[in-house]
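Novice: Sharing a structure with you now.
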Amino acid sequence: SSDLHALKLSPDNIPALQGAAQIEYDQGDPEGIPVLEHLLRLHPNDLTSHGMLAVLEYQQGNCSAAVAHFERAASLFESRVPALHAYGTCLVKLKQLDTAADVFKKSLALNPEDKRERQVLASVQLMSHQPEQAIATLYPLLSNMPDASSLELASAAYEEAHDTDKAVEALRQAILLEPKNVNLYVNFAALSATHQSFQVGINVVNDGINLQPKAAPLYFARGVLYVQLAEY
């Protein structure tokens, strides 16, 4: 293209660099990365180049490189959910969970009605040991007609916030909604074991086995609980 021709003639030609970078960016081509790095050497504060570089590095799975550019280009992404998701996902991978929670808060603010957004933010808050914030985030999903996945998350948050009664209640509700979901029984067994309520756990796991007689994780969970009771 004419941009690439101009680059051969003058490697620091900024409009040509920008044109070439745009073509490679639009194609998701990693060849755009060195072009954008070159542009940033000439123009270190060019937000568009930082933004494009962030996305290309993210697409290549280079999260530590991407995050530095996402930070610089933050103002460009304030209202763009896919970019916020990419930035937040990279922060989670790098275990920068508090910052990730802040980024996912922004994407939830753009889509407050989106259940998935709310669950993702709550999960990240839970990972960063902010169970009270996770419960607050989930609250709109729990107040009327909650679904099993929200209740399962809420149960984990209540448990981490040392509110065992609410943790148990949320899981029981989830099991009523999705009686064939093996994970819910396994979580219930783990909760029962933590709080030494082994027989309660066995009773609930038995309900699960009645519905899913071939589910190996349920037999394993029941075995673990029987060991705790010394019922060899």
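Labels used: A, B, ... for chains in the order of the structure tokens, numbers from 1 for residues in each chain, and numbers from 1 for ligands as shown.
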Using backbone DSSP assignments, extract all alpha helix (DSSP H) residues from chain A; output them as a PyMOL selection string.
Specialist: chain A and resi 2-9+14-26+32-42+47-59+63-72+74-77+81-93+97-110+115-127+131-143+148-160+164-177+182-194+198-211+216-228
Novice: Write out as a list in words each polymer residue whose atoms come within 10 Å of Ser197 of chain A, counting only C-alpha atoms; drop sequence neighbours fewer than 5 positions from it.
Specialist: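 Result of the neighbour search: Ala189, Ala190, Leu191, Ser192, Ile202, Leu225, Gln228 and Leu229 of chain A.
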Novice: Create the file for the chosen residues now, containing N, CA, C and O atoms and written as an mmCIF file, in the first residue's frame.
Specialist:
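So part33.cif came out as:
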```cif
data_model
loop_
_atom_site.group_PDB
_atom_site.id
_atom_site.type_symbol
_atom_site.label_atom_id
_atom_site.label_comp_id
_atom_site.auth_asym_id
_atom_site.auth_seq_id
_atom_site.Cartn_x
_atom_site.Cartn_y
_atom_site.Cartn_z
ATOM 1 N N ALA A 189 -21.152 -30.212 50.464
ATOM 2 C CA ALA A 189 -20.358 -31.168 51.257
ATOM 3 C C ALA A 189 -19.137 -30.476 51.861
ATOM 4 O O ALA A 189 -18.802 -30.682 53.034
ATOM 5 N N ALA A 190 -18.481 -29.619 51.050
ATOM 6 C CA ALA A 190 -17.280 -28.915 51.540
ATOM 7 C C ALA A 190 -17.648 -27.975 52.688
ATOM 8 O O ALA A 190 -16.947 -27.896 53.703
ATOM 9 N N LEU A 191 -18.774 -27.283 52.530
ATOM 10 C CA LEU A 191 -19.245 -26.359 53.573
ATOM 11 C C LEU A 191 -19.557 -27.135 54.849
ATOM 12 O O LEU A 191 -19.182 -26.735 55.959
ATOM 13 N N SER A 192 -20.212 -28.283 54.695
ATOM 14 C CA SER A 192 -20.566 -29.117 55.862
ATOM 15 C C SER A 192 -19.307 -29.595 56.568
ATOM 16 O O SER A 192 -19.240 -29.602 57.804
ATOM 17 N N ILE A 202 -23.902 -35.353 54.396
ATOM 18 C CA ILE A 202 -24.189 -36.682 53.814
ATOM 19 C C ILE A 202 -25.648 -36.734 53.333
ATOM 20 O O ILE A 202 -25.935 -37.221 52.237
ATOM 21 N N LEU A 225 -16.909 -37.369 53.669
ATOM 22 C CA LEU A 225 -17.698 -37.052 54.865
ATOM 23 C C LEU A 225 -17.789 -38.263 55.800
ATOM 24 O O LEU A 225 -17.706 -38.118 57.030
ATOM 25 N N GLN A 228 -14.741 -38.528 57.906
ATOM 26 C CA GLN A 228 -14.760 -37.588 59.028
ATOM 27 C C GLN A 228 -15.556 -38.137 60.214
ATOM 28 O O GLN A 228 -15.271 -37.830 61.371
ATOM 29 N N LEU A 229 -16.586 -38.946 59.898
ATOM 30 C CA LEU A 229 -17.398 -39.536 60.969
ATOM 31 C C LEU A 229 -16.807 -40.870 61.441
ATOM 32 O O LEU A 229 -17.407 -41.537 62.292
#
```
Novice: So which one's closest to Gly19 of chain A, A:Leu177, A:Ala54, A:Leu39, A:Ala193? Using only C-alpha atoms, please.
Specialist: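 Answer, going by the shortest atom-to-atom distance: A:Leu39.
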Novice: Please identify all polymer residues within 7 Å of Ala161 of chain A, counting only C-alpha atoms, omitting same-chain residues fewer than 3 positions from it, and present them as a list in words.
Specialist: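 The filter keeps Pro131, Glu132, Ala157 and Tyr158 of chain A.
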Novice: In terms of the shortest atom-to-atom distance over only C-alpha atoms, which of A:Ala167, A:Leu97, A:Val182, A:Val120 is closest to Pro213 of chain A?
Specialist: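 Of A:Ala167, A:Leu97, A:Val182, A:Val120, the one nearest Pro213 of chain A is A:Val182, counting only C-alpha atoms.
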Novice: Can you tell me which residues surround Gly208 of chain A at a distance of at most 9 Å, considering only C-alpha atoms, apart from same-chain residues fewer than 3 positions away, and format the answer as a PDB file with N, CA, C and O atoms, in the first residue's frame?
Specialist:
```
ATOM      1  N   ILE A 175     -29.683 -25.427  45.158  1.00  0.00           N
ATOM      2  CA  ILE A 175     -29.938 -26.856  44.895  1.00  0.00           C
ATOM      3  C   ILE A 175     -31.417 -27.070  44.535  1.00  0.00           C
ATOM      4  O   ILE A 175     -31.730 -27.864  43.648  1.00  0.00           O
ATOM      5  N   PRO A 179     -31.528 -29.001  40.836  1.00  0.00           N
ATOM      6  CA  PRO A 179     -31.249 -30.221  41.620  1.00  0.00           C
ATOM      7  C   PRO A 179     -30.304 -31.202  40.935  1.00  0.00           C
ATOM      8  O   PRO A 179     -29.799 -32.111  41.580  1.00  0.00           O
ATOM      9  N   LYS A 180     -30.033 -31.006  39.633  1.00  0.00           N
ATOM     10  CA  LYS A 180     -29.114 -31.937  38.963  1.00  0.00           C
ATOM     11  C   LYS A 180     -27.708 -31.355  38.799  1.00  0.00           C
ATOM     12  O   LYS A 180     -26.860 -31.950  38.125  1.00  0.00           O
ATOM     13  N   ASN A 181     -27.441 -30.209  39.420  1.00  0.00           N
ATOM     14  CA  ASN A 181     -26.119 -29.578  39.302  1.00  0.00           C
ATOM     15  C   ASN A 181     -25.187 -30.179  40.360  1.00  0.00           C
ATOM     16  O   ASN A 181     -25.266 -29.859  41.546  1.00  0.00           O
ATOM     17  N   VAL A 182     -24.295 -31.068  39.897  1.00  0.00           N
ATOM     18  CA  VAL A 182     -23.415 -31.828  40.809  1.00  0.00           C
ATOM     19  C   VAL A 182     -22.551 -30.892  41.653  1.00  0.00           C
ATOM     20  O   VAL A 182     -22.341 -31.123  42.850  1.00  0.00           O
ATOM     21  N   TYR A 185     -23.884 -29.773  45.126  1.00  0.00           N
ATOM     22  CA  TYR A 185     -23.806 -30.753  46.220  1.00  0.00           C
ATOM     23  C   TYR A 185     -22.366 -30.857  46.746  1.00  0.00           C
ATOM     24  O   TYR A 185     -22.144 -30.988  47.952  1.00  0.00           O
ATOM     25  N   ASN A 203     -26.561 -36.181  54.144  1.00  0.00           N
ATOM     26  CA  ASN A 203     -27.981 -36.210  53.765  1.00  0.00           C
ATOM     27  C   ASN A 203     -28.207 -35.467  52.451  1.00  0.00           C
ATOM     28  O   ASN A 203     -28.949 -35.940  51.571  1.00  0.00           O
ATOM     29  N   VAL A 204     -27.569 -34.309  52.303  1.00  0.00           N
ATOM     30  CA  VAL A 204     -27.758 -33.512  51.087  1.00  0.00           C
ATOM     31  C   VAL A 204     -27.119 -34.217  49.888  1.00  0.00           C
ATOM     32  O   VAL A 204     -27.707 -34.289  48.801  1.00  0.00           O
ATOM     33  N   VAL A 205     -25.905 -34.769  50.088  1.00  0.00           N
ATOM     34  CA  VAL A 205     -25.233 -35.482  48.996  1.00  0.00           C
ATOM     35  C   VAL A 205     -26.064 -36.713  48.574  1.00  0.00           C
ATOM     36  O   VAL A 205     -26.159 -37.031  47.384  1.00  0.00           O
ATOM     37  N   LEU A 211     -30.647 -38.383  42.473  1.00  0.00           N
ATOM     38  CA  LEU A 211     -30.982 -37.767  41.181  1.00  0.00           C
ATOM     39  C   LEU A 211     -29.937 -38.074  40.110  1.00  0.00           C
ATOM     40  O   LEU A 211     -30.246 -38.111  38.925  1.00  0.00           O
ATOM     41  N   GLN A 212     -28.665 -38.222  40.539  1.00  0.00           N
ATOM     42  CA  GLN A 212     -27.563 -38.413  39.581  1.00  0.00           C
ATOM     43  C   GLN A 212     -26.750 -39.630  40.015  1.00  0.00           C
ATOM     44  O   GLN A 212     -25.618 -39.493  40.482  1.00  0.00           O
ATOM     45  N   PRO A 213     -27.304 -40.836  39.875  1.00  0.00           N
ATOM     46  CA  PRO A 213     -26.639 -42.026  40.443  1.00  0.00           C
ATOM     47  C   PRO A 213     -25.284 -42.339  39.814  1.00  0.00           C
ATOM     48  O   PRO A 213     -24.537 -43.155  40.342  1.00  0.00           O
ATOM     49  N   ALA A 215     -22.899 -39.898  39.158  1.00  0.00           N
ATOM     50  CA  ALA A 215     -21.983 -38.753  39.314  1.00  0.00           C
ATOM     51  C   ALA A 215     -20.871 -39.085  40.314  1.00  0.00           C
ATOM     52  O   ALA A 215     -21.066 -39.048  41.531  1.00  0.00           O
ATOM     53  N   LEU A 218     -19.970 -36.983  43.521  1.00  0.00           N
ATOM     54  CA  LEU A 218     -20.870 -37.074  44.678  1.00  0.00           C
ATOM     55  C   LEU A 218     -20.474 -38.240  45.586  1.00  0.00           C
ATOM     56  O   LEU A 218     -20.476 -38.109  46.808  1.00  0.00           O
TER      57      LEU A 218
END
```
Novice: Excluding Pro30 of chain A and its own-chain neighbours fewer than 6 positions away, which residues fall within 9 Å of it when counting only C-alpha atoms? Please give them as a PyMOL selection string.
Specialist: chain A and resi 24+56-57+59-60
Novice: List the neighbours of Leu171 of chain A out to 10 Å using only C-alpha atoms; skip same-chain residues closer than 3 positions along the sequence, and give me the result as a PyMOL selection string.
Specialist: chain A and resi 148-156+166-168+174-177+184-185+187-188+191
Novice: In terms of the shortest atom-to-atom distance over only C-alpha atoms, which of A:Ser64, A:Met145, A:His195, A:Met127 is closest to His162 of chain A?
Specialist: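 Closest to His162 of chain A of all the choices is A:His195.
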Novice: Excluding Val103 of chain A and residues on its chain fewer than 6 positions from it, collect all residues at most 9 Å away from it, counting only C-alpha atoms, and give them as JSON, numbers by chain.
Specialist: {"A": [84, 85, 87, 88, 91, 121]}
Novice: Next, write the just-selected residues to a file, as a CSV table (one decimal), in the first residue's frame, keeping all heavy atoms as the atom set.
Specialist:
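Result written to again02.csv:
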```
chain,number,residue,atom,x,y,z
A,84,LEU,N,-12.5,-2.8,28.2
A,84,LEU,CA,-12.4,-3.0,29.7
A,84,LEU,C,-12.3,-4.4,30.1
A,84,LEU,O,-11.6,-4.8,31.0
A,84,LEU,CB,-13.7,-2.3,30.3
A,84,LEU,CG,-13.7,-0.8,30.2
A,84,LEU,CD1,-15.1,-0.3,30.7
A,84,LEU,CD2,-12.6,-0.1,31.1
A,85,HIS,N,-13.0,-5.3,29.4
A,85,HIS,CA,-13.0,-6.7,29.6
A,85,HIS,C,-11.6,-7.3,29.4
A,85,HIS,O,-11.0,-8.0,30.2
A,85,HIS,CB,-13.9,-7.5,28.8
A,85,HIS,CG,-15.4,-7.4,29.2
A,85,HIS,ND1,-16.4,-8.1,28.6
A,85,HIS,CD2,-15.9,-6.8,30.2
A,85,HIS,CE1,-17.5,-7.9,29.2
A,85,HIS,NE2,-17.3,-7.0,30.2
A,87,TYR,N,-8.7,-5.6,29.4
A,87,TYR,CA,-7.8,-5.0,30.5
A,87,TYR,C,-8.1,-5.8,31.8
A,87,TYR,O,-7.1,-6.2,32.4
A,87,TYR,CB,-8.2,-3.5,30.6
A,87,TYR,CG,-7.3,-2.7,31.6
A,87,TYR,CD1,-6.1,-3.2,32.0
A,87,TYR,CD2,-7.8,-1.5,32.0
A,87,TYR,CE1,-5.3,-2.4,32.9
A,87,TYR,CE2,-7.0,-0.7,32.9
A,87,TYR,CZ,-5.8,-1.2,33.3
A,87,TYR,OH,-5.0,-0.4,34.2
A,88,GLY,N,-9.3,-5.9,32.2
A,88,GLY,CA,-9.6,-6.6,33.4
A,88,GLY,C,-9.1,-8.1,33.5
A,88,GLY,O,-8.6,-8.5,34.4
A,91,LEU,N,-5.5,-8.2,34.0
A,91,LEU,CA,-5.1,-7.9,35.4
A,91,LEU,C,-5.4,-9.1,36.3
A,91,LEU,O,-4.6,-9.4,37.2
A,91,LEU,CB,-6.0,-6.7,35.9
A,91,LEU,CG,-5.6,-5.3,35.3
A,91,LEU,CD1,-6.6,-4.3,35.6
A,91,LEU,CD2,-4.2,-4.8,35.9
A,121,LEU,N,-17.8,-9.3,38.2
A,121,LEU,CA,-17.3,-8.4,39.2
A,121,LEU,C,-17.3,-9.1,40.5
A,121,LEU,O,-16.3,-9.0,41.3
A,121,LEU,CB,-18.1,-7.1,39.2
A,121,LEU,CG,-17.7,-6.1,40.3
A,121,LEU,CD1,-16.2,-5.7,40.3
A,121,LEU,CD2,-18.6,-4.9,40.3
```
Novice: Provide the atom CA of Asp29 of chain A to atom CA of Tyr58 of chain A distance in Å, to one decimal place.
Specialist: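 It comes out at 11.8 Å.
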